[in-house]
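Note: the block below is final.cif and it holds mmCIF, C-alpha atoms.
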```
data_coords
loop_
_atom_site.label_atom_id
_atom_site.label_comp_id
_atom_site.auth_asym_id
_atom_site.auth_seq_id
_atom_site.Cartn_x
_atom_site.Cartn_y
_atom_site.Cartn_z
CA MET U 1 -6.12 -33.06 -27.88
CA LYS U 2 -9.62 -33.58 -26.54
CA LEU U 3 -10.25 -32.60 -22.93
CA THR U 4 -13.05 -32.46 -20.41
CA LEU U 5 -12.93 -29.40 -18.18
CA ARG U 6 -14.85 -29.56 -14.90
CA ILE U 7 -15.05 -25.89 -13.91
CA TRP U 8 -16.46 -24.21 -10.82
CA ARG U 9 -19.36 -21.97 -11.85
CA GLN U 10 -20.74 -19.46 -9.35
CA GLN U 11 -22.84 -16.48 -10.40
CA ASP U 12 -21.90 -14.20 -7.48
CA ARG U 13 -20.83 -14.16 -3.84
CA GLU U 14 -24.25 -15.13 -2.51
CA THR U 15 -25.17 -17.81 -5.06
CA ARG U 16 -24.21 -21.42 -4.37
CA GLY U 17 -21.74 -22.74 -6.95
CA SER U 18 -21.12 -26.13 -8.54
CA MET U 19 -18.79 -27.95 -10.92
CA VAL U 20 -19.90 -27.97 -14.56
CA SER U 21 -18.34 -30.19 -17.26
CA TYR U 22 -17.39 -28.95 -20.72
CA LYS U 23 -15.86 -30.77 -23.70
CA VAL U 24 -13.08 -28.95 -25.55
CA ASP U 25 -11.55 -30.28 -28.80
CA ASP U 26 -8.63 -29.35 -31.07
CA ILE U 27 -6.37 -28.30 -28.23
CA SER U 28 -2.71 -27.87 -29.16
CA PRO U 29 -0.10 -29.17 -26.70
CA ASP U 30 1.62 -25.80 -27.10
CA MET U 31 -1.36 -23.84 -25.80
CA SER U 32 -1.24 -22.35 -22.33
CA PHE U 33 -3.95 -23.26 -19.86
CA LEU U 34 -5.52 -19.82 -20.17
CA GLU U 35 -5.66 -20.19 -23.95
CA VAL U 36 -7.70 -23.34 -23.44
CA LEU U 37 -10.12 -21.34 -21.31
CA ASP U 38 -10.22 -18.76 -24.11
CA VAL U 39 -11.18 -21.51 -26.58
CA LEU U 40 -13.89 -22.73 -24.21
CA ASN U 41 -15.26 -19.21 -23.78
CA GLU U 42 -15.42 -18.75 -27.54
CA GLN U 43 -17.49 -21.94 -27.74
CA LEU U 44 -19.77 -20.80 -24.94
CA THR U 45 -20.23 -17.34 -26.44
CA THR U 46 -21.03 -18.79 -29.87
CA ALA U 47 -23.60 -21.07 -28.24
CA GLY U 48 -25.20 -18.11 -26.47
CA GLU U 49 -23.99 -19.22 -23.03
CA GLU U 50 -22.20 -17.15 -20.42
CA PRO U 51 -18.39 -17.47 -20.60
CA VAL U 52 -16.30 -18.55 -17.63
CA ALA U 53 -14.99 -15.61 -15.59
CA PHE U 54 -11.31 -15.88 -14.69
CA ASP U 55 -8.55 -13.42 -13.79
CA HIS U 56 -5.67 -12.76 -16.19
CA ASP U 57 -3.42 -9.93 -17.24
CA CYS U 58 0.19 -10.22 -18.41
CA ARG U 59 0.12 -13.96 -19.25
CA GLU U 60 3.88 -13.95 -18.78
CA GLY U 61 4.08 -15.31 -15.23
CA ILE U 62 4.75 -11.86 -13.78
CA CYS U 63 1.53 -10.29 -12.47
CA GLY U 64 0.07 -13.16 -10.44
CA ALA U 65 -3.49 -12.54 -11.62
CA CYS U 66 -4.11 -16.00 -13.11
CA GLY U 67 -4.78 -17.74 -9.79
CA MET U 68 -6.76 -20.98 -10.00
CA VAL U 69 -6.56 -24.50 -8.61
CA ILE U 70 -5.97 -27.09 -11.33
CA ASN U 71 -6.54 -30.74 -10.40
CA GLY U 72 -6.28 -29.85 -6.74
CA VAL U 73 -2.98 -27.96 -7.03
CA ALA U 74 -2.63 -24.18 -7.02
CA HIS U 75 -1.47 -23.15 -10.54
CA GLY U 76 -1.43 -26.80 -11.63
CA PRO U 77 1.04 -29.70 -11.62
CA GLN U 78 4.13 -27.93 -12.97
CA LYS U 79 6.51 -26.60 -10.33
CA LEU U 80 7.53 -22.91 -10.32
CA THR U 81 4.91 -22.14 -12.97
CA THR U 82 1.87 -19.86 -13.02
CA ALA U 83 -1.36 -21.02 -14.63
CA CYS U 84 -0.80 -18.73 -17.61
CA GLN U 85 2.58 -20.38 -18.28
CA LEU U 86 1.30 -23.93 -17.78
CA HIS U 87 1.19 -25.62 -21.19
CA MET U 88 -1.11 -28.42 -22.25
CA ARG U 89 1.77 -30.77 -23.06
CA HIS U 90 1.79 -31.52 -19.34
CA PHE U 91 -1.63 -33.19 -19.75
CA LYS U 92 -2.79 -36.18 -21.78
CA ASP U 93 -5.34 -36.48 -24.56
CA GLY U 94 -8.71 -37.37 -23.05
CA ASP U 95 -7.88 -36.03 -19.57
CA THR U 96 -10.55 -34.65 -17.27
CA ILE U 97 -9.25 -31.50 -15.57
CA ASP U 98 -10.82 -29.90 -12.51
CA VAL U 99 -10.55 -26.11 -12.31
CA GLU U 100 -11.51 -24.25 -9.14
CA PRO U 101 -10.95 -20.81 -7.59
CA TRP U 102 -8.70 -20.18 -4.59
CA ARG U 103 -10.39 -21.59 -1.48
CA ALA U 104 -9.99 -19.33 1.55
CA ARG U 105 -12.31 -17.36 3.80
CA ALA U 106 -10.27 -14.23 3.15
CA PHE U 107 -10.61 -14.73 -0.64
CA PRO U 108 -14.39 -14.71 -1.27
CA VAL U 109 -15.48 -15.84 -4.73
CA VAL U 110 -16.67 -12.94 -6.87
CA LYS U 111 -17.72 -15.05 -9.86
CA ASP U 112 -16.65 -18.45 -11.20
CA LEU U 113 -12.84 -18.56 -10.87
CA VAL U 114 -12.46 -14.91 -9.80
CA VAL U 115 -11.83 -14.20 -6.12
CA ASP U 116 -11.45 -10.96 -4.20
CA ARG U 117 -7.78 -10.66 -3.18
CA GLY U 118 -8.20 -7.19 -1.75
CA ALA U 119 -6.97 -8.49 1.62
CA PHE U 120 -3.46 -8.55 0.16
CA ASP U 121 -3.76 -4.85 -0.67
CA ARG U 122 -4.74 -4.08 2.92
CA ILE U 123 -1.71 -5.97 4.22
CA ILE U 124 0.58 -3.92 1.96
CA GLN U 125 -1.13 -0.69 2.98
CA ALA U 126 -0.51 -1.52 6.65
CA GLY U 127 3.25 -1.28 6.33
CA GLY U 128 4.72 -2.21 2.96
CA TYR U 129 6.55 1.04 2.39
CA ILE U 130 9.73 2.91 3.37
CA SER U 131 10.50 6.48 4.37
CA ALA U 132 12.21 8.39 1.56
CA PRO U 133 13.25 12.03 1.34
CA THR U 134 11.51 14.08 -1.29
CA GLY U 135 13.38 15.94 -3.98
CA SER U 136 15.67 14.72 -6.73
CA ALA U 137 16.51 11.06 -7.04
CA PRO U 138 19.54 9.94 -5.02
CA ASP U 139 22.67 8.69 -6.74
CA ALA U 140 22.60 4.99 -7.56
CA HIS U 141 25.39 4.14 -5.12
CA ALA U 142 24.47 6.63 -2.40
CA THR U 143 23.31 3.82 -0.10
CA PRO U 144 25.62 0.80 -0.30
CA VAL U 145 23.79 -2.53 0.01
CA PRO U 146 25.82 -5.62 1.01
CA LYS U 147 25.47 -8.45 -1.50
CA PRO U 148 23.96 -10.94 1.00
CA ALA U 149 21.32 -8.36 1.88
CA ALA U 150 20.62 -7.61 -1.78
CA ASP U 151 20.30 -11.32 -2.56
CA ALA U 152 17.87 -11.84 0.34
CA ALA U 153 15.81 -8.84 -0.74
CA PHE U 154 15.64 -10.00 -4.37
CA GLU U 155 14.59 -13.49 -3.27
CA ALA U 156 11.71 -12.15 -1.18
CA ALA U 157 10.77 -9.47 -3.73
CA ALA U 158 10.10 -12.18 -6.32
CA CYS U 159 6.68 -12.70 -4.69
CA ILE U 160 3.97 -11.71 -7.19
CA GLY U 161 1.08 -11.81 -4.71
CA CYS U 162 -0.88 -14.45 -6.62
CA GLY U 163 -2.29 -16.08 -3.48
CA ALA U 164 -1.27 -19.66 -4.28
CA CYS U 165 0.23 -19.92 -0.79
CA VAL U 166 -3.18 -19.17 0.72
CA ALA U 167 -4.98 -21.65 -1.54
CA ALA U 168 -2.54 -24.44 -0.67
CA CYS U 169 -2.26 -23.80 3.08
CA PRO U 170 -4.51 -26.11 5.15
CA ASN U 171 -5.03 -23.16 7.50
CA GLY U 172 -5.71 -20.61 4.77
CA SER U 173 -2.71 -18.58 5.94
CA ALA U 174 -1.12 -15.77 3.95
CA MET U 175 2.02 -15.80 6.07
CA LEU U 176 4.36 -16.55 3.15
CA PHE U 177 3.05 -13.52 1.24
CA THR U 178 3.16 -11.25 4.29
CA ALA U 179 6.60 -12.45 5.30
CA ALA U 180 7.99 -12.00 1.78
CA LYS U 181 6.91 -8.35 1.77
CA VAL U 182 8.31 -7.79 5.27
CA ALA U 183 11.60 -9.60 4.52
CA HIS U 184 12.08 -7.78 1.22
CA LEU U 185 12.12 -4.35 2.86
CA GLY U 186 13.69 -5.52 6.12
CA ALA U 187 16.78 -6.79 4.32
CA LEU U 188 17.61 -3.38 2.83
CA PRO U 189 19.14 -0.34 4.54
CA GLN U 190 16.28 1.80 3.21
CA GLY U 191 13.77 -0.37 5.05
CA GLN U 192 15.26 -0.08 8.53
CA PRO U 193 13.39 2.97 9.94
CA GLU U 194 9.99 1.21 9.85
CA ARG U 195 11.30 -2.34 10.23
CA ALA U 196 9.87 -3.36 13.60
CA GLY U 197 6.63 -1.45 13.27
CA ARG U 198 6.18 -2.75 9.72
CA ALA U 199 6.23 -6.37 10.82
CA THR U 200 3.64 -5.95 13.57
CA ALA U 201 1.37 -3.74 11.46
CA MET U 202 1.34 -6.10 8.49
CA LEU U 203 0.83 -9.14 10.71
CA ALA U 204 -2.10 -7.39 12.40
CA ALA U 205 -3.63 -6.65 8.97
CA HIS U 206 -3.08 -10.31 8.01
CA ASP U 207 -4.99 -11.50 11.05
CA ALA U 208 -7.72 -8.87 10.66
CA ALA U 209 -8.37 -10.14 7.13
CA ASP U 210 -9.28 -13.54 8.64
CA PHE U 211 -6.36 -15.49 7.23
CA GLY U 212 -5.38 -18.53 9.26
CA GLY U 213 -2.28 -18.95 11.36
CA CYS U 214 0.95 -20.48 10.09
CA THR U 215 1.97 -23.93 11.37
CA ASN U 216 4.97 -24.33 9.04
CA THR U 217 3.55 -27.21 7.02
CA GLY U 218 5.40 -25.94 3.94
CA GLU U 219 2.49 -26.38 1.50
CA CYS U 220 2.85 -22.70 0.59
CA THR U 221 6.40 -22.97 -0.69
CA ALA U 222 5.57 -26.18 -2.58
CA VAL U 223 3.15 -24.33 -4.87
CA CYS U 224 4.73 -20.87 -4.93
CA PRO U 225 5.45 -20.11 -8.61
CA LYS U 226 8.44 -17.98 -7.60
CA GLY U 227 9.92 -20.39 -5.07
CA ILE U 228 9.71 -18.08 -2.05
CA PRO U 229 11.35 -20.05 0.82
CA LEU U 230 10.01 -20.62 4.33
CA THR U 231 12.99 -18.69 5.70
CA VAL U 232 11.13 -15.43 5.03
CA ILE U 233 8.60 -16.45 7.69
CA GLY U 234 11.47 -16.82 10.12
CA SER U 235 12.53 -13.27 9.26
CA LEU U 236 9.02 -12.00 9.96
CA ASN U 237 8.90 -13.82 13.30
CA ARG U 238 12.27 -12.34 14.26
CA ASP U 239 11.11 -8.81 13.45
CA VAL U 240 7.84 -9.26 15.36
CA LEU U 241 9.74 -10.58 18.39
CA GLY U 242 12.17 -7.67 18.15
CA SER U 243 9.33 -5.16 18.05
CA ALA U 244 7.76 -6.76 21.13
CA ILE U 245 11.03 -6.54 23.03
CA HIS U 246 11.53 -2.90 22.12
CA LYS U 247 7.78 -2.15 22.42
CA VAL U 248 7.62 -0.58 18.96
#
```
Represent the structure from my file as structure tokens, please.
Amino acid sequence: MKLTLRIWRQQDRETRGSMVSYKVDDISPDMSFLEVLDVLNEQLTTAGEEPVAFDHDCREGICGACGMVINGVAHGPQKLTTACQLHMRHFKDGDTIDVEPWRARAFPVVKDLVVDRGAFDRIIQAGGYISAPTGSAPDAHATPVPKPAADAAFEAAACIGCGACVAACPNGSAMLFTAAKVAHLGALPQGQPERAGRATAMLAAHDAADFGGCTNTGECTAVCPKGIPLTVIGSLNRDVLGSAIHKV
């Protein structure tokens, strides 16, 4: 395959960026999208040019590091797929592919396709934890968890914090991410002691990071590589309302 990649190049946070076109040949349909970027970077390095900076780690669709917008869609055209697991057989020979970083005020561009997602860490720090007694590990069945609660927790816990929801949201909201973390712990018995305070604290951190508000457009769930449903936002809203009623 022969492709033209139009990639956002930006030297640092202060420098103005632009789209730059590159030709890439001999691309196998079985390559992942990140492997294509590797091939391009080898070409650029050989030519004495600066390679494209992009985030990556596990390349197995687990870590969420590979965030980028491909042809206007977070993680690309394939549903329930991260950019590192997107294969080139989903494109055509001769295609021109636009590659951009996440676009959100709370995710400033560090360089090229790399953005600072530290705001997610601050949301987790605000309340994404549970109280646990110290000492030896408890027995596996010491705290029974009803199956519906376990299923709800697993569904929300699938969030990998990639930020696709923010990139896709017209408001730049991280509510799906925040709600998934709140709903994950709120569904379990172990998460009950901090439940109400957790929701308000994490929501406050979300707003302090300058993410936008949620208007339930559903763009976040459409691009989420793990299929996190909008129902988790309802769970967050319920916990926030409950904390307001009980003045937690």
Report, in Å with one decimal, the straight-line distance from CA of Asp95 in chain U to CA of Thr46 in chain U. 24.0 Å
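Within the file as shown, the PyMOL selection byres ((chain U and resi 191) around 12) identifies Gly127, Gly128, Tyr129, Ile130, Ser131, Ala132, Thr143, Val145, Ala149, Ala153, Lys181, Val182, Ala183, His184, Leu185, Gly186, Ala187, Leu188, Pro189, Gln190, Gln192, Pro193, Glu194, Arg195, Ala196, Gly197, Arg198 and Ala199 of chain U.
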I'd like the residues picked by the PyMOL selection byres ((chain U and resi 223-234) around 7) written out as a compact mmCIF listing (two decimals) with C-alpha atoms, keeping the file's coordinate frame, using the chain letters and numbers from the file.
```
# COMPACT_ATOMS: atom_id res chain seq x y z
CA ALA U 74 -2.63 -24.18 -7.02
CA LYS U 79 6.51 -26.60 -10.33
CA LEU U 80 7.53 -22.91 -10.32
CA THR U 81 4.91 -22.14 -12.97
CA THR U 82 1.87 -19.86 -13.02
CA GLU U 155 14.59 -13.49 -3.27
CA ALA U 156 11.71 -12.15 -1.18
CA ALA U 158 10.10 -12.18 -6.32
CA CYS U 159 6.68 -12.70 -4.69
CA ALA U 164 -1.27 -19.66 -4.28
CA CYS U 165 0.23 -19.92 -0.79
CA MET U 175 2.02 -15.80 6.07
CA LEU U 176 4.36 -16.55 3.15
CA ALA U 179 6.60 -12.45 5.30
CA ALA U 180 7.99 -12.00 1.78
CA ALA U 183 11.60 -9.60 4.52
CA GLU U 219 2.49 -26.38 1.50
CA CYS U 220 2.85 -22.70 0.59
CA THR U 221 6.40 -22.97 -0.69
CA ALA U 222 5.57 -26.18 -2.58
CA SER U 235 12.53 -13.27 9.26
CA LEU U 236 9.02 -12.00 9.96
CA ASN U 237 8.90 -13.82 13.30
CA ARG U 238 12.27 -12.34 14.26
```
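Computed from the coordinates, the CA of Asn71 in chain U to CA of Gly161 in chain U distance equals 21.2 Å.
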Could you state which residues are captured by the PyMOL selection byres ((chain U and resi 17) around 12) in this file, as an MDAnalysis selection string? chainID U and resid 7:16 18:20 100:101 109:113
Could you dump the residues just selected with C-alpha atoms as a short mmCIF file (atom, residue, chain, number, x, y, z; two decimals), in the frame of the given file?
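As a result, again.cif now contains:
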```
data_model
loop_
_atom_site.label_atom_id
_atom_site.label_comp_id
_atom_site.auth_asym_id
_atom_site.auth_seq_id
_atom_site.Cartn_x
_atom_site.Cartn_y
_atom_site.Cartn_z
CA ILE U 7 -15.05 -25.89 -13.91
CA TRP U 8 -16.46 -24.21 -10.82
CA ARG U 9 -19.36 -21.97 -11.85
CA GLN U 10 -20.74 -19.46 -9.35
CA GLN U 11 -22.84 -16.48 -10.40
CA ASP U 12 -21.90 -14.20 -7.48
CA ARG U 13 -20.83 -14.16 -3.84
CA GLU U 14 -24.25 -15.13 -2.51
CA THR U 15 -25.17 -17.81 -5.06
CA ARG U 16 -24.21 -21.42 -4.37
CA SER U 18 -21.12 -26.13 -8.54
CA MET U 19 -18.79 -27.95 -10.92
CA VAL U 20 -19.90 -27.97 -14.56
CA GLU U 100 -11.51 -24.25 -9.14
CA PRO U 101 -10.95 -20.81 -7.59
CA VAL U 109 -15.48 -15.84 -4.73
CA VAL U 110 -16.67 -12.94 -6.87
CA LYS U 111 -17.72 -15.05 -9.86
CA ASP U 112 -16.65 -18.45 -11.20
CA LEU U 113 -12.84 -18.56 -10.87
#
```
Pick out the closest residue to Thr96 in chain U from this set: U:Cys214, U:Ile70, U:Ala65, U:Val240. Count only C-alpha atoms.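 With only C-alpha atoms as the atom set, the closest residue is U:Ile70.
CA of Asp210 in chain U is found 12.2 Å from CA of Gly118 in chain U.
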With the cut-off set at 9 Å and counting all atoms listed in the file, tabulate each residue of range 53-137 of chain U with an atom at most that distance from an atom of range 22-39 of chain U, showing the nearest atom pair and its distance in Å to one decimal, ordered by chain and increasing number, as CSV.
```
residue,atom,partner,partner_atom,distance
U:Phe54,CA,U:Leu37,CA,8.7
U:His56,CA,U:Leu34,CA,8.1
U:Arg59,CA,U:Leu34,CA,8.2
U:Cys66,CA,U:Leu34,CA,8.2
U:Ala83,CA,U:Phe33,CA,6.3
U:Cys84,CA,U:Leu34,CA,5.5
U:Gln85,CA,U:Ser32,CA,5.9
U:Leu86,CA,U:Ser32,CA,5.4
U:His87,CA,U:Ser32,CA,4.2
U:Met88,CA,U:Pro29,CA,4.6
U:Arg89,CA,U:Pro29,CA,4.4
U:His90,CA,U:Pro29,CA,8.0
U:Phe91,CA,U:Pro29,CA,8.2
U:Lys92,CA,U:Pro29,CA,9.0
```
Tell me which protein, DNA and RNA residues are within 12 Å of Asp207 in chain U, counting all atoms listed in the file, leaving out same-chain ones fewer than 2 positions away, and put them as number ranges by chain. U: 105-106, 119-120, 122-123, 126, 172-175, 178, 200-205, 209-214
Of the residues U:Glu42, U:Pro133, U:Gly163, U:Ala208, which is the one nearest to Asp116 in chain U, using all atoms listed in the file?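 Distance minimum relative to Asp116 in chain U lands on U:Gly163.
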Kindly indicate which residue among U:Cys63, U:Leu241, U:Leu5, U:Leu40 lies nearest to Asp98 in chain U, using all atoms listed in the file for the distances. U:Leu5
Counting all atoms listed in the file, the residue of U:Ala140, U:Ala104, U:Ala150, U:Val114 that sits nearest Pro170 in chain U: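 Comparing U:Ala140, U:Ala104, U:Ala150, U:Val114 against Pro170 in chain U, the winner is U:Ala104.
Among the candidates U:Ala142, U:Phe177, U:Asp55, U:Ser243, the residue lying nearest to Ile160 in chain U is U:Phe177 (atoms considered: all atoms listed in the file).
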Residue with the minimum atom-to-atom distance to Ala168 in chain U, picked from U:Asp139, U:Lys2, U:Trp102, U:Gly242 with only C-alpha atoms counted, is U:Trp102
